[in-house]
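Following: one structure in structure tokens, then a few remarks.
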Protein chains: 2
Amino acid sequence: MDEVRIIEIKKSIFEDNDKDADKLREELRSKGVFLLNLMSAPGSGKTTTLCKTINALKDSMKIAVMEADIDSDVDARKILENTGVQSIQLHTGGMCHLDAEMTRQGLDGLNLEDVDLVILENVGNLVCPAEFDTGASKNCMILSVPEGHDKPLKYPLMFSVCDLVLINKIDVMPYFDFDLKLCEEYIHMRNPNATVIPICAKSGEGIDKFASYLKQNVKAAKA
Amino acid sequence: MDEVRIIEIKKSIFEDNDKDADKLREELRSKGVFLLNLMSAPGSGKTTTLCKTINALKDSMKIAVMEADIDSDVDARKILENTGVQSIQLHTGGMCHLDAEMTRQGLDGLNLEDVDLVILENVGNLVCPAEFDTGASKNCMILSVPEGHDKPLKYPLMFSVCDLVLINKIDVMPYFDFDLKLCEEYIHMRNPNATVIPICAKSGEGIDKFASYLKQNVKAAKA
């Protein structure tokens, strides 16, 4: 098995992140690459969700993954071992988020030839990553059932900036006080246009819907 | 039922947070007040743990709580309704952490007369709050079982700065791949002196041990 490549991300020197993000988004569009920025709190199941989804998609498109973490290469190794797709680890050096320039450093570390879909797994954090446009084509977040249905009330910006909210670990719903309907109401209070897909990454339930969502977006990015 | 008081925290102007934190810690020591800084990822059960623990302690000491969140007053209201102790909500205005000066603004909003124990529930975030000394007497964090046992590998600083790690939601251990022994090893790799207490805030299991820990520290703060 190949060793996982680790890139030590440097702090951005760009002052206008929004402008830089728009530029990166435009570059990706011209290359026909769809970049998904995946965010969540620590431990909500980002990597497991990615493994299941990539295995459902990898025969129909070429995928690459960037795993951002403060330390360790646990996630990039997990992706590589479970899916075989190109996966690199980005070390943020203690930083709590990625911005567009940091994302670009990650993309420069990938071989993007013929790649259709790049997934950036952002740092596990519901606050700071929401404040920085990475240049991604779309933003997605995972909220897991054990975290509680009140999270859109407490972390408004994260839910506002996400096009897609995956509600993960629905298999343990009976063991937690989680009101799915109320949660969807809170999400749409923050972002009326957000798509919500309940999933269970462990069993694979709902992964087909997430995979369809990505297929459609990858197709649209090439149009 | 009283309305919950909300304080809009302003960004600190102090340049040397460490110095300011030491000063605050000394002031609290001279008043015989023990301040616990409670941190965790979103949804790990901080507020539920506090409700159970405060109800176990409130007959033997006077307690006040500061609930920091970006938005909403869900937590301060929950503390007040479930325990009756003095509870205020601190709004951080989008900020991802509290520092010593922000903590001081919160303390200024409390009536500290005869108060033995103040608990600061920090913003739900495993990254940024670890970087800022709040001036608290001790740091405590909650890691919940659904988040996974690998978190000390990914969020090293948080585990390094915590004197006490509560492992919550141990009742759902059978439904998750969580290795308690391995988790304790990872925690002690980051901080060999950390105390680890497994709890279930929902059922109350282990809360007596957390309450004893606080009792001892409150007593020591008055010595």
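Note on naming: chains are A, B, ... as they come in the structure tokens, residues start from 1 per chain, ligands start from 1 in the order shown.
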
#### Entry: Residues of chain B within 10 Å of chain A, only C-alpha atoms counted, as a PyMOL selection string
chain B and resi 40-45+69-75+94-97+123-128+131+143-157+169+171-172+175-176+202

### Task
Could you tell me, as a ChimeraX atom specification, which residues of range 29-198 of chain B DSSP assigns to alpha helix (DSSP H) when given the backbone?
/B:29-31,46-57,74-83,100-108,151-154,156-161,180-190

### Task
Could you jot down the CA of Leu24 in chain B to CA of Gly135 in chain B separation for me, Å, one decimal place?
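Between CA of Leu24 in chain B and CA of Gly135 in chain B the gap works out to 5.4 Å.
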
### Message
I'd like to know which of A:Gln216, A:Thr103, A:Thr48, A:Gln89 is closest to Ser203 in chain A, using only C-alpha atoms.
### Response
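For Ser203 in chain A, the nearest of the given residues is A:Thr48.
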
### Query
Smallest atom-to-atom distance to Ile170 in chain B: which of B:Asn217, B:Glu205, B:Leu50, B:Glu184, using only C-alpha atoms?
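Going through B:Asn217, B:Glu205, B:Leu50, B:Glu184 one by one, the smallest distance to Ile170 in chain B is for B:Glu205.
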
### Query
Please, which residues of range 101-191 of chain A, numbered as in this document, come out strand (DSSP E) from DSSP, as a VMD selection string?
chain A and resid 117 to 121 138 to 144 164 to 168

Could you take the residues named above and write them with all heavy atoms, as a short mmCIF file (atom, residue, chain, number, x, y, z; two decimals), in the first residue's frame?
data_model
loop_
_atom_site.label_atom_id
_atom_site.label_comp_id
_atom_site.auth_asym_id
_atom_site.auth_seq_id
_atom_site.Cartn_x
_atom_site.Cartn_y
_atom_site.Cartn_z
N LEU A 117 -14.19 14.85 -9.81
CA LEU A 117 -14.71 15.28 -8.50
C LEU A 117 -13.57 15.33 -7.49
O LEU A 117 -12.85 14.33 -7.31
CB LEU A 117 -15.78 14.27 -8.02
CG LEU A 117 -16.26 14.37 -6.57
CD1 LEU A 117 -16.99 15.68 -6.31
CD2 LEU A 117 -17.17 13.18 -6.22
N VAL A 118 -13.40 16.48 -6.85
CA VAL A 118 -12.45 16.58 -5.72
C VAL A 118 -13.26 16.87 -4.47
O VAL A 118 -14.13 17.74 -4.47
CB VAL A 118 -11.40 17.70 -5.93
CG1 VAL A 118 -10.48 17.77 -4.71
CG2 VAL A 118 -10.60 17.47 -7.19
N ILE A 119 -12.99 16.13 -3.42
CA ILE A 119 -13.67 16.39 -2.15
C ILE A 119 -12.65 16.87 -1.14
O ILE A 119 -11.60 16.25 -0.94
CB ILE A 119 -14.39 15.13 -1.63
CG1 ILE A 119 -15.43 14.66 -2.65
CG2 ILE A 119 -15.07 15.44 -0.29
CD1 ILE A 119 -16.06 13.32 -2.35
N LEU A 120 -12.94 18.02 -0.56
CA LEU A 120 -12.11 18.57 0.50
C LEU A 120 -12.80 18.28 1.82
O LEU A 120 -13.91 18.77 2.08
CB LEU A 120 -11.98 20.10 0.32
CG LEU A 120 -11.42 20.87 1.52
CD1 LEU A 120 -9.98 20.46 1.82
CD2 LEU A 120 -11.51 22.38 1.27
N GLU A 121 -12.18 17.46 2.65
CA GLU A 121 -12.72 17.25 3.99
C GLU A 121 -12.08 18.29 4.89
O GLU A 121 -10.89 18.22 5.21
CB GLU A 121 -12.44 15.82 4.49
CG GLU A 121 -13.13 15.56 5.81
CD GLU A 121 -12.91 14.17 6.40
OE1 GLU A 121 -12.89 13.17 5.66
OE2 GLU A 121 -12.76 14.10 7.63
N LYS A 138 -19.50 23.67 -4.32
CA LYS A 138 -20.62 23.63 -3.37
C LYS A 138 -20.12 23.28 -1.97
O LYS A 138 -19.09 22.62 -1.81
CB LYS A 138 -21.69 22.62 -3.82
CG LYS A 138 -22.47 23.12 -5.03
CD LYS A 138 -23.94 22.73 -5.02
CE LYS A 138 -24.70 23.55 -6.07
NZ LYS A 138 -25.94 22.92 -6.52
N ASN A 139 -20.89 23.73 -0.96
CA ASN A 139 -20.60 23.40 0.43
C ASN A 139 -21.58 22.36 0.94
O ASN A 139 -22.79 22.46 0.70
CB ASN A 139 -20.74 24.64 1.32
CG ASN A 139 -19.63 25.64 1.09
OD1 ASN A 139 -18.49 25.26 0.84
ND2 ASN A 139 -19.97 26.92 1.19
N CYS A 140 -21.05 21.40 1.66
CA CYS A 140 -21.88 20.36 2.25
C CYS A 140 -21.46 20.19 3.70
O CYS A 140 -20.28 20.37 4.03
CB CYS A 140 -21.64 19.06 1.48
SG CYS A 140 -22.40 17.60 2.21
N MET A 141 -22.39 19.90 4.58
CA MET A 141 -22.02 19.60 5.95
C MET A 141 -22.72 18.33 6.42
O MET A 141 -23.76 17.95 5.88
CB MET A 141 -22.35 20.74 6.89
CG MET A 141 -23.83 20.92 7.14
SD MET A 141 -24.16 21.99 8.56
CE MET A 141 -23.62 20.97 9.92
N ILE A 142 -22.12 17.71 7.42
CA ILE A 142 -22.76 16.56 8.06
C ILE A 142 -23.11 16.96 9.49
O ILE A 142 -22.28 17.50 10.21
CB ILE A 142 -21.83 15.33 8.10
CG1 ILE A 142 -21.43 14.92 6.67
CG2 ILE A 142 -22.50 14.18 8.81
CD1 ILE A 142 -20.53 13.69 6.63
N LEU A 143 -24.36 16.73 9.86
CA LEU A 143 -24.78 16.84 11.26
C LEU A 143 -25.13 15.42 11.68
O LEU A 143 -25.93 14.77 11.00
CB LEU A 143 -26.01 17.75 11.38
CG LEU A 143 -26.66 17.79 12.76
CD1 LEU A 143 -25.74 18.45 13.79
CD2 LEU A 143 -28.00 18.53 12.72
N SER A 144 -24.55 14.93 12.76
CA SER A 144 -24.88 13.57 13.17
C SER A 144 -25.88 13.58 14.32
O SER A 144 -25.89 14.51 15.14
CB SER A 144 -23.62 12.80 13.56
OG SER A 144 -23.04 13.34 14.72
N LEU A 164 -25.98 21.64 0.99
CA LEU A 164 -26.45 20.29 1.30
C LEU A 164 -26.11 19.95 2.75
O LEU A 164 -24.99 20.16 3.20
CB LEU A 164 -25.77 19.27 0.36
CG LEU A 164 -25.99 17.80 0.64
CD1 LEU A 164 -27.45 17.41 0.45
CD2 LEU A 164 -25.10 16.93 -0.26
N VAL A 165 -27.11 19.44 3.48
CA VAL A 165 -26.88 18.97 4.85
C VAL A 165 -27.20 17.47 4.90
O VAL A 165 -28.33 17.06 4.61
CB VAL A 165 -27.77 19.72 5.88
CG1 VAL A 165 -27.51 19.19 7.29
CG2 VAL A 165 -27.53 21.22 5.81
N LEU A 166 -26.18 16.68 5.24
CA LEU A 166 -26.40 15.24 5.44
C LEU A 166 -26.63 15.02 6.93
O LEU A 166 -25.85 15.49 7.76
CB LEU A 166 -25.17 14.45 4.99
CG LEU A 166 -24.71 14.63 3.54
CD1 LEU A 166 -23.39 13.90 3.29
CD2 LEU A 166 -25.78 14.14 2.57
N ILE A 167 -27.71 14.34 7.26
CA ILE A 167 -27.95 14.00 8.68
C ILE A 167 -27.55 12.55 8.87
O ILE A 167 -28.23 11.64 8.39
CB ILE A 167 -29.42 14.26 9.08
CG1 ILE A 167 -29.73 15.75 8.87
CG2 ILE A 167 -29.64 13.86 10.55
CD1 ILE A 167 -31.10 16.18 9.29
N ASN A 168 -26.41 12.35 9.54
CA ASN A 168 -25.79 11.03 9.63
C ASN A 168 -26.12 10.31 10.95
O ASN A 168 -26.58 10.93 11.88
CB ASN A 168 -24.26 11.19 9.48
CG ASN A 168 -23.54 9.86 9.29
OD1 ASN A 168 -24.15 8.87 8.87
ND2 ASN A 168 -22.26 9.82 9.61
#

### Query
Closest to Met66 in chain A among A:Asn82, A:Asn193, A:Asn37, A:Ser160, using only C-alpha atoms?
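Checking each of A:Asn82, A:Asn193, A:Asn37, A:Ser160 against Met66 in chain A, counting only C-alpha atoms, the winner is A:Asn37.
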
### Message
Could you list, as a PyMOL selection string, every residue within 12 Å of Ser212 in chain B, counting only C-alpha atoms and ignoring same-chain residues fewer than 6 positions away?
### Response
chain B and resi 53-54+56-57+60+197+206+218-219

Would you put the residues from that selection into a file with all heavy atoms, as a JSON list (two decimals), in the first residue's frame?
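result31.json, freshly written:
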[["chain", "number", "residue", "atom", "x", "y", "z"],
["B", 53, "THR", "N", -24.72, 17.46, 37.12],
["B", 53, "THR", "CA", -23.64, 17.68, 38.11],
["B", 53, "THR", "C", -24.03, 18.78, 39.09],
["B", 53, "THR", "O", -23.79, 18.68, 40.29],
["B", 53, "THR", "CB", -22.33, 18.04, 37.37],
["B", 53, "THR", "OG1", -22.10, 17.05, 36.35],
["B", 53, "THR", "CG2", -21.16, 18.05, 38.32],
["B", 54, "ILE", "N", -24.64, 19.85, 38.56],
["B", 54, "ILE", "CA", -25.05, 20.96, 39.42],
["B", 54, "ILE", "C", -26.11, 20.49, 40.42],
["B", 54, "ILE", "O", -26.04, 20.82, 41.60],
["B", 54, "ILE", "CB", -25.57, 22.14, 38.56],
["B", 54, "ILE", "CG1", -24.40, 22.78, 37.81],
["B", 54, "ILE", "CG2", -26.29, 23.17, 39.43],
["B", 54, "ILE", "CD1", -24.80, 23.72, 36.69],
["B", 56, "ALA", "N", -26.36, 17.62, 41.66],
["B", 56, "ALA", "CA", -25.68, 16.78, 42.66],
["B", 56, "ALA", "C", -24.89, 17.62, 43.66],
["B", 56, "ALA", "O", -24.57, 17.15, 44.75],
["B", 56, "ALA", "CB", -24.77, 15.78, 41.96],
["B", 57, "LEU", "N", -24.58, 18.86, 43.27],
["B", 57, "LEU", "CA", -23.67, 19.68, 44.10],
["B", 57, "LEU", "C", -24.33, 20.88, 44.75],
["B", 57, "LEU", "O", -23.80, 21.43, 45.72],
["B", 57, "LEU", "CB", -22.52, 20.21, 43.22],
["B", 57, "LEU", "CG", -21.40, 19.27, 42.80],
["B", 57, "LEU", "CD1", -20.49, 19.96, 41.79],
["B", 57, "LEU", "CD2", -20.60, 18.81, 44.02],
["B", 60, "SER", "N", -24.54, 21.68, 48.47],
["B", 60, "SER", "CA", -23.32, 21.79, 49.28],
["B", 60, "SER", "C", -22.45, 22.99, 48.90],
["B", 60, "SER", "O", -21.45, 23.27, 49.54],
["B", 60, "SER", "CB", -22.49, 20.50, 49.15],
["B", 60, "SER", "OG", -22.13, 20.29, 47.81],
["B", 197, "ILE", "N", -12.58, 10.43, 33.31],
["B", 197, "ILE", "CA", -13.77, 9.88, 33.98],
["B", 197, "ILE", "C", -14.84, 9.55, 32.94],
["B", 197, "ILE", "O", -15.36, 10.44, 32.28],
["B", 197, "ILE", "CB", -14.38, 10.87, 35.01],
["B", 197, "ILE", "CG1", -13.32, 11.32, 36.04],
["B", 197, "ILE", "CG2", -15.59, 10.26, 35.71],
["B", 197, "ILE", "CD1", -13.85, 12.35, 37.06],
["B", 206, "GLY", "N", -21.49, 7.94, 36.69],
["B", 206, "GLY", "CA", -20.18, 8.62, 36.73],
["B", 206, "GLY", "C", -20.24, 10.07, 37.19],
["B", 206, "GLY", "O", -19.20, 10.68, 37.44],
["B", 218, "VAL", "N", -12.95, 22.79, 44.68],
["B", 218, "VAL", "CA", -13.55, 23.96, 45.32],
["B", 218, "VAL", "C", -12.98, 24.12, 46.72],
["B", 218, "VAL", "O", -12.65, 25.23, 47.16],
["B", 218, "VAL", "CB", -15.10, 23.81, 45.35],
["B", 218, "VAL", "CG1", -15.73, 24.79, 46.32],
["B", 218, "VAL", "CG2", -15.67, 24.01, 43.95],
["B", 219, "LYS", "N", -12.82, 23.01, 47.42],
["B", 219, "LYS", "CA", -12.25, 23.02, 48.77],
["B", 219, "LYS", "C", -10.80, 23.54, 48.73],
["B", 219, "LYS", "O", -10.41, 24.39, 49.53],
["B", 219, "LYS", "CB", -12.28, 21.59, 49.33],
["B", 219, "LYS", "CG", -12.17, 21.51, 50.85],
["B", 219, "LYS", "CD", -12.29, 20.08, 51.32],
["B", 219, "LYS", "CE", -11.69, 19.93, 52.72],
["B", 219, "LYS", "NZ", -11.47, 18.53, 53.09]]

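Residues in contact range of Lys19 in chain A, defined as at most 10 Å between only C-alpha atoms, with sequence neighbours fewer than 6 positions away removed, read Arg25, Ala100, Asp133 and Gly135 of chain A.
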